[in-house]
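Structure, as structure tokens:
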2 protein chains.
Amino acid sequence: MPERPPLVLQPPSRETAQKIADTLRFLAADQVQKANSGHPGMPMGSAEIATVLMTKHLRIDPKDDKWLGRDRFVLSAGHAGTLLYGMLHLQGFLTIEDLQGFRQLGTRTPGHPEAGETPGVEASTGPLGAGFAMAVGMAAAERMAAELYNTPKFDIVDHHTYVLTGDGCQEEGVVYEAASLAGTLGLGRLIVIYDRNKIQIEGSTDLSFTENVAKRYEAMHWHVQEIDGHDMDAIDAALILAKEEKTRPSIIIARTTIAKGAPKKAGSASAHGEPLGADEVAAAKAAARWPAESFFVPKEVADYFDIRRGEWMAMRQEWNEMFAAYDKKHHATARELLRVLSGELPKQWKHSLPEFPAGKAVATRAAGGTVMNGLGEAVPELVGGAADLAPSTKTEIKSGANPEFIGKGMFLGRNIHFGVREHAMGWFTNGMALHGGFIPFSATFMVFHDYMRPAVRLASMMKLRNIFVYTHDSIMVGEDGPTHEPVEQLAALRTIPGLNVWRPADANETAFAWQAMLERKDGPSAICLSRQNLPVLDRTKFAAARETLKGMYILDTDTEKSPEILIIASGSDVHLAVGVAGELRKQGKAVRVVSAPCLEVFRTQAEGYRKKVLPKRMKKRLVIESGIAQGWEGIVGDSGIFVGVTDFGLSGKAEAVAEKLGMTVPKIMERVNGEGW
Amino acid sequence: MPERPPLVLQPPSRETAQKIADTLRFLAADQVQKANSGHPGMPMGSAEIATVLMTKHLRIDPKDDKWLGRDRFVLSAGHAGTLLYGMLHLQGFLTIEDLQGFRQLGTRTPGHPEAGETPGVEASTGPLGAGFAMAVGMAAAERMAAELYNTPKFDIVDHHTYVLTGDGCQEEGVVYEAASLAGTLGLGRLIVIYDRNKIQIEGSTDLSFTENVAKRYEAMHWHVQEIDGHDMDAIDAALILAKEEKTRPSIIIARTTIAKGAPKKAGSASAHGEPLGADEVAAAKAAARWPAESFFVPKEVADYFDIRRGEWMAMRQEWNEMFAAYDKKHHATARELLRVLSGELPKQWKHSLPEFPAGKAVATRAAGGTVMNGLGEAVPELVGGAADLAPSTKTEIKSGANPEFIGKGMFLGRNIHFGVREHAMGWFTNGMALHGGFIPFSATFMVFHDYMRPAVRLASMMKLRNIFVYTHDSIMVGEDGPTHEPVEQLAALRTIPGLNVWRPADANETAFAWQAMLERKDGPSAICLSRQNLPVLDRTKFAAARETLKGMYILDTDTEKSPEILIIASGSDVHLAVGVAGELRKQGKAVRVVSAPCLEVFRTQAEGYRKKVLPKRMKKRLVIESGIAQGWEGIVGDSGIFVGVTDFGLSGKAEAVAEKLGMTVPKIMERVNGEGW
């Protein structure tokens, strides 16, 4: 074993530190200039911040960007990606060639940071506010994991979450939501550095954003500091204080100059999102007595990071040794931690999935609650909450270990009160999934998916195992009226590439949908559940409920004759389909009923299976879904009909609304009879 | 003419005032009880607030809920609809029978207030935060209209915007966004009353919402007061001070008890969203020495409002007289005001629409900017802004009268700096449309439609003339990468019932799309515009651009033979369609190219026209759109193919991304040739 480098970090000299900052500054300018596209201003303005963070605070393993013990650094201002890429170069994750490929197809340096595409990138950012809100979830996950896995002698989980954010993020509503929640939870290990350059695309922030940001964060119970963001001593001192603050999240408001160092464009809006131009880059370098060559890294800087990487690896080694001792002393806990980090579900977890007896009427939201409470015991990493709707969404975990709500100073729990903050909830759970160790869920009424859509999109882009529970899934919400009745949300959910959208027909389909969602490791799932009671289908008469896992399946078919009419439905509408099938049989028609709990999963089935369920020759197709037709036309085909809801819903008793909108068996039969089938 | 009632409002006696409050309280409890569904808690808790507002402050015309001069009262906590319905009963807009029909199909009292369904309801609310953010837009519209139409002697536009909001709204990010903007703009006539009962569905707000709300609003430069929300003198005093404050928006934090007056359930979470139960209602009435009968209105209260309505009508009469004098002295201005309020466009406005010469390459976002600047002069009521992207979306109005940005104390302008607040922007413009006098627009990158989707949904539900501009409409965004490239947003926009979604193919289609959007009075429109340059189609070779107005039209067809292949595309993809058509013709195929700028408008065309454009017999259909297939399958049909983008985009030069994802003429030809057509 080679001699171990010292574990106390050697800070760079003042001169080296400035050289590191200038290296980051000009690497950013050069990346943007070479790509002839990008945002030079903020990276150049926050180079000193990044320097202090990397040289004095950040704990990472430069060989393993998945190390549990690493500090998380989230660049919420994703447009400053060149800064992050420069940092990752100095850390050892990216080469200069990577940086030279900025914004080019197929490189590891896309226009905005993408988790999974680039080593060391913790979260995909660019849509403003997203990184900040995800970091809140990461910081909560850290504390929750610490409570679960640390022991008095072993602080296995013991890291900080750092965020670099800009003015744009601070204007986004989701950041206020997330900040308010972070303040309520007292996330003391969350440290936000706000690069306050006061410039945005339309000009000075004075034009649209005049609030007192320090006071706002104080109002939310944050620890607030204001500094000169180019003064590296001040940055260091502020970070030290922020780390000393244990019970409040910290924000360091760092006043900076956008495009600092650019002689003409520093401080200007044009520096935000356009290349500086070769002349301005050259002038900036000259002013800093910097070599003109592109992508220059001084030997002194490279040497410093050689040492720094050694220190980082030693830190990791120390942690590994601690973990080995921990594993020895607390073997079961250590193995459990490794299991949840691996994403493997516990053995035998499926035994916890309930089977619901036929005949009873159960709302699928209630069935979902029952399923989740079985999982409460069996899958301890399942944690989450609702946007102030848990009693309605039935998503509180009341079983298993620690069936509590987390709160300030109390992170041993399974449930989170998100408050009426759908958007932050989406990002928060993304952050938990990114952190690792948990399978998060969140819940709200389906119509309020609209409030959190950007987070669901990115969950899918990042392929996160995140579960979105949406209840009150149709016009059968009834009395709350059209503002609360989803009509287009199912279709809108299905537009998101990579998202599996489940809409189970009964309690048992709900259980299997949950099974599929938990088993999916490579992307998020949404589950759409009914407010109203639905009969539990008698599986002695209908196909087995585990067929649900195929996404679409033949629930019931007249096998004696070749069925001529094919009825396809999802969720509560399957019961209408069964009713319509009965009526058609009375007319002597041979019918097949297909339950369609998840179109996306069905599309991944082998062609043979898909053709069996939806044979090409069966052209007389009736699709029933209490929503818009969009997404179904391809299945309906040229000769079929779709029965759904084309306009916003109505306020009234659910049955009256259904009658008015034609979503009853007799009304559907009128439509079908009109076809002359 | 009957004798005029006194114009100075006669306040009710203390006893009458309490009776009014109790009337509202028990009317709410009775409505919920009769419907056996709804939210009794907040209405009962804010009955005193509503009483003081109605008896001492609110200016309305009880016969004309569209009167320009009325104060706006927005119930942002839409779940407290029974309070609003009680108020509207006392004002004279609703009958007791209306209240008895609460939450029943076909009544004027839906589960949450719906603008257009109920007289006196200013905005549809229920989704939390929405009303607050719309009220900010209303208050801005009031000041902007005042600047335009008032004269030193005539304060024709001179009203307040009152908002009643609860804890839930205050947790929603969009409220922070809107409040921050209102503080920046210094909307002194915006008065928010925050019913702070500290109870939400999951329990006490202490569980998730601990911030110091007063301090938060102070940080945003609001005038903040805190009072006992059941003390009617305190409420009155606070409202007087709020009205005296001219340069800051006001918030009155009114501490209340949820379900005040209910002996067992007051102060409890169960009172939020469930009926109290007959026994509890009876006990509450008994405790207040109130008659047990349902829907009771004491004679004293009815009599008071008879007088109050007389006062209100006298106010209106006084305003009418002022308007008559104003009309005499400033006839042109008065007529212009009446015109903009009517929604009629100016005569000859269409002359301002530019015609773009063929041959040049123009991004449709740039063409949109040119069109808007022609409209700047011709349609002075067109006002709006971007979410800090105006230089990119090209949506700044630089022509016509007052081509300025509005700001604090400076409301004579056409443009608004919304900041990076897409969601608030959507509601703000809804509020402007609801206020009247303006045709608002808003702009951001298309991918960020996701951030503002709830506002677009409600714009459509309320049938508002609101124009949403979305630029950077495809993977051709290129270098910014997948977080910034819309793939599913077009489909998602088209899911919203009643929204017209335009995606013009070139500059001239853009002009006609704008014409259609402006001419539409009964609903919102979105326009999706390219970042990249697109050739201006030569209309001597292709169909006339005004065909755009039909939503879909035959751009080019081989008339000599009956065309066998039908190519349909929208926006930038029309140019791919034209290229593919050329290749197919080289192969000797007869081809038709259809441009599809707006599917929704096409669907409203007569069947004959639709069949002419898309004849049933033409089964070999190729649809090209740089997005997901959803929404197109019905047109593609059983025998057609769709060429689009099935997964998230990529970061790279636009042309490289298009090549990689198959969105080029040669790649599409490979697909088509594979069909064996």
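Just remember, in the structure tokens the first chain shown is A, the second B, etc., residues are 1-based per chain, and ligands are 1-based in the order shown.
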- Query: If we count only C-alpha atoms, what is near stretch 159-165 of chain A at a cut-off of 9 Å, once residues fewer than 6 positions away on the same chain are taken out, given as JSON, numbers by chain?
  - Reply: {"A": [46, 49, 50, 53, 58, 59, 68, 69, 70, 71, 72, 73, 74, 75, 76, 77, 78, 128, 129, 131, 132, 135, 136, 138, 139, 142, 188, 189, 190, 191, 192, 193, 194, 195, 196, 243]}
- Task: Just need the residues of chain A within 6 Å of chain B, counting only C-alpha atoms, so spit them out as a VMD selection string.
- Result: chain A and resid 103 to 105 110 to 111 168 171 to 174 176 to 177 184 201 to 202 208 210 to 212 215 to 216 219 to 220 388 417 419 to 421 450 453 to 454 479 to 481 488 492 495 497 630 to 631 633 to 634 637 to 638 647 651 to 652
Selected residues written out with N, CA and C atoms, as a short mmCIF file (atom, residue, chain, number, x, y, z; two decimals), in the first residue's frame:
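The result, stored in selection.cif:
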data_model
loop_
_atom_site.label_atom_id
_atom_site.label_comp_id
_atom_site.auth_asym_id
_atom_site.auth_seq_id
_atom_site.Cartn_x
_atom_site.Cartn_y
_atom_site.Cartn_z
N ARG A 103 -21.32 20.85 -26.11
CA ARG A 103 -22.50 21.09 -26.93
C ARG A 103 -22.49 20.35 -28.27
N GLN A 104 -21.54 19.41 -28.45
CA GLN A 104 -21.54 18.67 -29.71
C GLN A 104 -22.20 17.31 -29.49
N LEU A 105 -22.79 16.82 -30.54
CA LEU A 105 -23.50 15.55 -30.46
C LEU A 105 -22.57 14.42 -30.05
N PRO A 110 -22.93 17.89 -22.72
CA PRO A 110 -24.09 18.49 -23.39
C PRO A 110 -24.33 19.93 -22.93
N GLY A 111 -25.22 20.60 -23.65
CA GLY A 111 -25.48 22.03 -23.43
C GLY A 111 -25.88 22.38 -22.02
N GLY A 168 -32.08 33.62 -11.76
CA GLY A 168 -33.22 33.01 -12.43
C GLY A 168 -33.90 31.98 -11.56
N GLU A 171 -36.21 33.27 -8.86
CA GLU A 171 -37.50 33.84 -9.25
C GLU A 171 -38.56 32.76 -9.45
N GLU A 172 -38.12 31.52 -9.64
CA GLU A 172 -39.06 30.43 -9.90
C GLU A 172 -39.82 30.05 -8.64
N GLY A 173 -41.11 29.91 -8.76
CA GLY A 173 -41.95 29.56 -7.61
C GLY A 173 -41.51 28.31 -6.90
N VAL A 174 -41.01 27.35 -7.66
CA VAL A 174 -40.68 26.07 -7.04
C VAL A 174 -39.53 26.23 -6.04
N TYR A 176 -39.10 28.83 -4.01
CA TYR A 176 -39.73 29.27 -2.75
C TYR A 176 -40.38 28.08 -2.05
N GLU A 177 -41.08 27.27 -2.82
CA GLU A 177 -41.72 26.10 -2.22
C GLU A 177 -40.69 25.21 -1.53
N THR A 184 -38.67 24.50 7.06
CA THR A 184 -39.53 23.78 8.00
C THR A 184 -38.85 22.52 8.51
N ILE A 201 -31.67 37.76 -18.72
CA ILE A 201 -31.69 37.93 -20.18
C ILE A 201 -32.28 39.27 -20.58
N GLU A 202 -33.33 39.70 -19.89
CA GLU A 202 -33.96 40.96 -20.27
C GLU A 202 -33.25 42.17 -19.66
N SER A 208 -37.48 43.25 -12.71
CA SER A 208 -38.58 42.34 -12.39
C SER A 208 -38.44 41.66 -11.04
N THR A 210 -37.16 42.64 -7.40
CA THR A 210 -36.59 43.63 -6.49
C THR A 210 -36.63 43.19 -5.04
N GLU A 211 -37.15 42.01 -4.77
CA GLU A 211 -37.35 41.64 -3.38
C GLU A 211 -36.02 41.53 -2.62
N ASN A 212 -36.14 41.60 -1.32
CA ASN A 212 -35.01 41.45 -0.42
C ASN A 212 -34.81 39.95 -0.16
N LYS A 215 -33.91 38.69 3.40
CA LYS A 215 -35.05 38.73 4.32
C LYS A 215 -36.03 37.59 4.02
N ARG A 216 -36.20 37.34 2.75
CA ARG A 216 -37.09 36.23 2.36
C ARG A 216 -36.60 34.92 2.95
N ALA A 219 -37.14 34.81 6.62
CA ALA A 219 -38.56 34.52 6.90
C ALA A 219 -38.84 33.03 6.84
N MET A 220 -38.03 32.34 6.05
CA MET A 220 -38.21 30.89 5.90
C MET A 220 -37.30 30.10 6.83
N ASP A 388 -50.32 17.75 0.87
CA ASP A 388 -51.43 18.03 1.79
C ASP A 388 -52.72 17.32 1.39
N HIS A 417 -44.73 15.45 5.13
CA HIS A 417 -45.77 16.46 4.86
C HIS A 417 -45.20 17.46 3.86
N GLY A 419 -46.86 19.71 2.26
CA GLY A 419 -47.63 20.94 2.12
C GLY A 419 -48.20 21.04 0.70
N VAL A 420 -48.90 22.14 0.46
CA VAL A 420 -49.52 22.30 -0.87
C VAL A 420 -48.46 22.77 -1.85
N ARG A 421 -47.54 21.88 -2.15
CA ARG A 421 -46.38 22.23 -2.97
C ARG A 421 -46.11 21.07 -3.93
N ASP A 450 -50.57 18.67 -13.33
CA ASP A 450 -50.17 19.85 -14.12
C ASP A 450 -49.20 20.74 -13.36
N ARG A 453 -45.50 19.00 -13.48
CA ARG A 453 -45.12 18.32 -14.72
C ARG A 453 -43.62 18.43 -15.05
N PRO A 454 -42.99 19.59 -14.82
CA PRO A 454 -41.57 19.66 -15.17
C PRO A 454 -40.74 18.62 -14.41
N GLU A 479 -68.51 16.24 -7.61
CA GLU A 479 -68.96 17.51 -7.04
C GLU A 479 -67.91 18.61 -7.03
N ASP A 480 -66.64 18.27 -6.99
CA ASP A 480 -65.63 19.32 -6.98
C ASP A 480 -65.59 20.10 -8.30
N GLY A 481 -66.12 19.51 -9.34
CA GLY A 481 -66.26 20.24 -10.59
C GLY A 481 -65.06 20.20 -11.50
N GLU A 488 -57.82 15.65 -19.51
CA GLU A 488 -56.69 15.54 -20.44
C GLU A 488 -55.43 15.05 -19.75
N ALA A 492 -51.97 13.53 -21.22
CA ALA A 492 -50.77 14.35 -21.02
C ALA A 492 -49.67 13.56 -20.32
N THR A 495 -47.87 11.42 -22.72
CA THR A 495 -46.97 12.07 -23.69
C THR A 495 -45.52 12.01 -23.24
N PRO A 497 -42.09 10.88 -22.64
CA PRO A 497 -41.33 9.69 -23.04
C PRO A 497 -40.74 8.98 -21.82
N GLN A 630 -57.05 11.37 -27.36
CA GLN A 630 -55.66 11.44 -27.78
C GLN A 630 -54.83 10.33 -27.15
N GLY A 631 -54.09 9.62 -27.96
CA GLY A 631 -53.29 8.51 -27.49
C GLY A 631 -53.94 7.17 -27.79
N GLU A 633 -56.16 6.79 -30.62
CA GLU A 633 -56.63 6.66 -32.01
C GLU A 633 -55.96 5.53 -32.75
N GLY A 634 -54.67 5.31 -32.44
CA GLY A 634 -53.97 4.24 -33.14
C GLY A 634 -54.56 2.88 -32.83
N GLY A 637 -58.25 2.68 -34.42
CA GLY A 637 -58.16 2.35 -35.84
C GLY A 637 -59.22 3.02 -36.68
N ASP A 638 -59.18 2.76 -37.97
CA ASP A 638 -60.06 3.45 -38.91
C ASP A 638 -61.52 3.08 -38.74
N ASP A 647 -64.62 17.43 -23.50
CA ASP A 647 -64.50 18.78 -22.96
C ASP A 647 -64.29 18.67 -21.45
N SER A 651 -69.67 20.00 -12.53
CA SER A 651 -69.86 19.80 -11.09
C SER A 651 -71.23 19.20 -10.84
N GLY A 652 -71.26 18.10 -10.14
CA GLY A 652 -72.52 17.43 -9.81
C GLY A 652 -72.20 16.09 -9.18
#
- For A:Ile565, work out the shell of residues within 8 Å, counting only C-alpha atoms and skipping chain neighbours fewer than 3 positions away, then give it as a list in words.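 The residues that qualify are Lys589, Ala590, Val591, Arg592, Met618, Lys619, Lys620, Arg621 and Leu622 of chain A.
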How would the residues just chosen look if you wrote them out with C-alpha atoms as a JSON list (two decimals), in the first residue's frame?
[["chain", "number", "residue", "atom", "x", "y", "z"],
["A", 589, "LYS", "CA", -72.71, -10.59, -30.43],
["A", 590, "ALA", "CA", -69.42, -12.27, -29.62],
["A", 591, "VAL", "CA", -67.24, -9.88, -27.65],
["A", 592, "ARG", "CA", -63.76, -9.53, -26.22],
["A", 618, "MET", "CA", -60.74, -7.32, -35.24],
["A", 619, "LYS", "CA", -61.67, -3.93, -36.64],
["A", 620, "LYS", "CA", -64.87, -3.32, -34.73],
["A", 621, "ARG", "CA", -63.19, -1.72, -31.76],
["A", 622, "LEU", "CA", -64.70, 0.21, -28.95]]
Would you pick out the contacts of A:Leu241 at 12 Å or less, using only C-alpha atoms, so that residues sharing its chain but fewer than 4 positions from it are not included, and give the list as a CSV table (one decimal) with N, CA and C atoms, in the first residue's frame?
chain,number,residue,atom,x,y,z
A,57,HIS,N,-13.6,22.5,0.6
A,57,HIS,CA,-14.8,21.9,1.2
A,57,HIS,C,-15.3,20.6,0.6
A,188,GLY,N,-30.1,21.3,7.9
A,188,GLY,CA,-28.9,22.0,8.3
A,188,GLY,C,-27.7,21.7,7.4
A,189,ARG,N,-27.7,20.6,6.7
A,189,ARG,CA,-26.6,20.2,5.8
A,189,ARG,C,-26.8,20.7,4.3
A,191,ILE,N,-26.5,23.6,1.8
A,191,ILE,CA,-25.8,24.9,1.7
A,191,ILE,C,-25.9,25.4,0.3
A,223,HIS,N,-30.4,30.2,7.5
A,223,HIS,CA,-29.2,30.9,7.9
A,223,HIS,C,-28.7,31.6,6.7
A,224,VAL,N,-28.6,32.9,6.8
A,224,VAL,CA,-28.4,33.8,5.7
A,224,VAL,C,-27.1,34.6,5.8
A,225,GLN,N,-26.2,34.5,4.8
A,225,GLN,CA,-25.0,35.3,4.8
A,225,GLN,C,-24.9,36.1,3.5
A,226,GLU,N,-24.3,37.2,3.5
A,226,GLU,CA,-24.1,38.0,2.3
A,226,GLU,C,-22.6,38.3,2.2
A,234,ALA,N,-13.7,35.4,2.0
A,234,ALA,CA,-15.1,35.5,2.5
A,234,ALA,C,-15.9,34.3,2.1
A,235,ILE,N,-15.7,33.8,1.0
A,235,ILE,CA,-16.4,32.6,0.6
A,235,ILE,C,-16.1,31.4,1.5
A,236,ASP,N,-14.8,31.3,1.8
A,236,ASP,CA,-14.4,30.2,2.7
A,236,ASP,C,-15.0,30.4,4.1
A,237,ALA,N,-14.9,31.6,4.6
A,237,ALA,CA,-15.5,31.9,5.9
A,237,ALA,C,-17.0,31.6,6.0
A,245,GLU,N,-23.5,25.7,11.1
A,245,GLU,CA,-25.0,25.8,11.4
A,245,GLU,C,-25.6,24.4,11.2
A,246,LYS,N,-26.2,23.8,12.2
A,246,LYS,CA,-26.7,22.5,12.1
A,246,LYS,C,-28.2,22.3,11.9
A,248,ARG,N,-30.4,24.8,10.6
A,248,ARG,CA,-31.1,25.6,9.5
A,248,ARG,C,-30.3,25.4,8.2
A,249,PRO,N,-31.0,25.3,7.1
A,249,PRO,CA,-30.3,25.4,5.8
A,249,PRO,C,-29.7,26.7,5.7
A,250,SER,N,-28.6,26.7,4.9
A,250,SER,CA,-27.8,28.0,4.7
A,250,SER,C,-27.9,28.5,3.3
A,251,ILE,N,-28.0,29.8,3.2
A,251,ILE,CA,-27.8,30.4,1.9
A,251,ILE,C,-26.7,31.5,2.0
A,252,ILE,N,-25.8,31.4,1.1
A,252,ILE,CA,-24.8,32.4,1.0
A,252,ILE,C,-25.0,33.3,-0.2
- Query: So which residues touch stretch 96-99 of chain A within 12 Å, counting only C-alpha atoms, skipping near sequence neighbours fewer than 2 positions away, as a ChimeraX atom specification?
  - Reply: /A:24,26-35,81-94,101-111,117-119,294-297,302
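Taking atom CA of A:Pro666 as the reference point, atom CA of A:Cys598 is found at 26.6 Å.
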- Item | Who sits within 7 Å of stretch 502-506 of chain B, only C-alpha atoms, same chain under 6 positions skipped, as a list in words |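 Counting only C-alpha atoms, the residues come to Thr364, Ala513, Ala526, Ile527, Cys528, Leu529, Leu534, Pro535, Val536, Leu537, Ser570, Gly571, Ser572, Val574, Pro597 and Cys598 of chain B.
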- Picked from stretch 229-358 of chain B by DSSP as helix (DSSP H, G or I), as a PyMOL selection string: chain B and resi 232-244+270-273+278-287+299-329+331-342+349-352
- List every residue of stretch 219-254 of chain B that DSSP, applied to the backbone of this structure, places in strand (DSSP E), and write the result as a list of chain:residue names.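 In stretch 219-254 of chain B, DSSP puts these residues in strand (DSSP E): B:His223, B:Val224, B:Gln225, B:Glu226, B:Ile227, B:Asp228, B:Ser250, B:Ile251, B:Ile252, B:Ile253, B:Ala254.
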- Query: Of the candidates B:Asp556, B:Asp522, B:Glu122, B:Glu655, which shows the shortest atom-to-atom distance to B:Lys66, using only C-alpha atoms?
  - Reply: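 Counting only C-alpha atoms, the residue closest to B:Lys66 is B:Glu122.
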- Item | Near-A:Leu148 list (10 Å; only C-alpha atoms; drop same-chain fewer than 3 positions) as a ChimeraX atom specification | /A:142-145,151,157,333,337,402,411-413
Could you save those same residues with all heavy atoms as a compact mmCIF listing (two decimals), in the first residue's frame?
# COMPACT_ATOMS: atom_id res chain seq x y z
N GLU A 142 -30.35 12.48 2.83
CA GLU A 142 -29.11 12.29 3.60
C GLU A 142 -29.43 12.13 5.09
O GLU A 142 -28.95 11.20 5.75
CB GLU A 142 -28.17 13.47 3.35
CG GLU A 142 -26.76 13.28 3.86
CD GLU A 142 -26.50 13.74 5.29
OE1 GLU A 142 -27.37 14.43 5.88
OE2 GLU A 142 -25.44 13.39 5.83
N ARG A 143 -30.26 13.03 5.60
CA ARG A 143 -30.60 12.96 7.03
C ARG A 143 -31.41 11.71 7.35
O ARG A 143 -31.25 11.08 8.40
CB ARG A 143 -31.36 14.23 7.46
CG ARG A 143 -30.51 15.43 7.80
CD ARG A 143 -29.53 15.19 8.94
NE ARG A 143 -28.27 14.62 8.45
CZ ARG A 143 -27.32 14.10 9.22
NH1 ARG A 143 -27.46 14.06 10.53
NH2 ARG A 143 -26.22 13.59 8.72
N MET A 144 -32.32 11.37 6.45
CA MET A 144 -33.15 10.18 6.69
C MET A 144 -32.28 8.92 6.67
O MET A 144 -32.45 8.02 7.51
CB MET A 144 -34.26 10.09 5.64
CG MET A 144 -35.31 11.20 5.81
SD MET A 144 -36.48 11.29 4.42
CE MET A 144 -37.51 9.86 4.77
N ALA A 145 -31.34 8.86 5.73
CA ALA A 145 -30.44 7.70 5.67
C ALA A 145 -29.53 7.69 6.89
O ALA A 145 -29.24 6.62 7.46
CB ALA A 145 -29.62 7.74 4.38
N THR A 151 -24.64 4.74 13.36
CA THR A 151 -24.66 4.28 14.74
C THR A 151 -23.80 5.26 15.53
O THR A 151 -23.10 6.10 14.94
CB THR A 151 -24.05 2.86 14.85
OG1 THR A 151 -22.66 2.95 14.51
CG2 THR A 151 -24.75 1.88 13.92
N VAL A 157 -23.28 7.83 6.92
CA VAL A 157 -23.95 8.84 6.09
C VAL A 157 -23.72 10.18 6.75
O VAL A 157 -24.23 10.44 7.84
CB VAL A 157 -25.46 8.55 5.97
CG1 VAL A 157 -26.12 9.57 5.04
CG2 VAL A 157 -25.70 7.13 5.47
N THR A 333 -27.25 -4.31 9.31
CA THR A 333 -27.55 -2.94 8.89
C THR A 333 -26.71 -2.54 7.69
O THR A 333 -27.20 -1.93 6.74
CB THR A 333 -27.28 -1.97 10.07
OG1 THR A 333 -27.92 -2.50 11.24
CG2 THR A 333 -27.83 -0.58 9.78
N LEU A 337 -28.03 -1.47 4.05
CA LEU A 337 -27.65 -0.22 3.38
C LEU A 337 -27.15 -0.51 1.96
O LEU A 337 -27.54 0.14 0.99
CB LEU A 337 -26.57 0.51 4.19
CG LEU A 337 -25.95 1.76 3.54
CD1 LEU A 337 -27.02 2.79 3.16
CD2 LEU A 337 -24.92 2.39 4.48
N ASN A 402 -40.75 2.63 11.75
CA ASN A 402 -40.81 4.10 11.72
C ASN A 402 -41.95 4.66 10.86
O ASN A 402 -41.71 5.45 9.97
CB ASN A 402 -39.49 4.68 11.20
CG ASN A 402 -38.29 3.92 11.70
OD1 ASN A 402 -38.18 3.71 12.91
ND2 ASN A 402 -37.43 3.51 10.81
N PHE A 411 -35.82 12.70 11.72
CA PHE A 411 -35.76 12.21 10.34
C PHE A 411 -35.94 10.70 10.23
O PHE A 411 -35.71 10.12 9.17
CB PHE A 411 -34.45 12.67 9.68
CG PHE A 411 -34.44 14.14 9.41
CD1 PHE A 411 -33.86 15.04 10.29
CD2 PHE A 411 -35.09 14.63 8.28
CE1 PHE A 411 -33.90 16.40 10.04
CE2 PHE A 411 -35.13 15.99 8.02
CZ PHE A 411 -34.53 16.88 8.91
N LEU A 412 -36.31 10.10 11.34
CA LEU A 412 -36.59 8.66 11.31
C LEU A 412 -38.07 8.49 10.98
O LEU A 412 -38.90 8.48 11.89
CB LEU A 412 -36.24 8.05 12.67
CG LEU A 412 -35.96 6.55 12.71
CD1 LEU A 412 -34.78 6.18 11.82
CD2 LEU A 412 -35.70 6.11 14.14
N GLY A 413 -38.38 8.36 9.73
CA GLY A 413 -39.79 8.25 9.37
C GLY A 413 -39.95 7.88 7.92
O GLY A 413 -39.00 7.88 7.14
- Which residue gives the smallest distance to A:Glu381 among A:Ala141, A:Val601, A:Ala577, A:Thr548, with only C-alpha atoms counted? A:Ala141
- For the atom pair atom CA of B:Asp538 and atom CA of B:Thr510, what is the interatomic distance in Å to one decimal place?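 Between atom CA of B:Asp538 and atom CA of B:Thr510 the gap is 14.5 Å.
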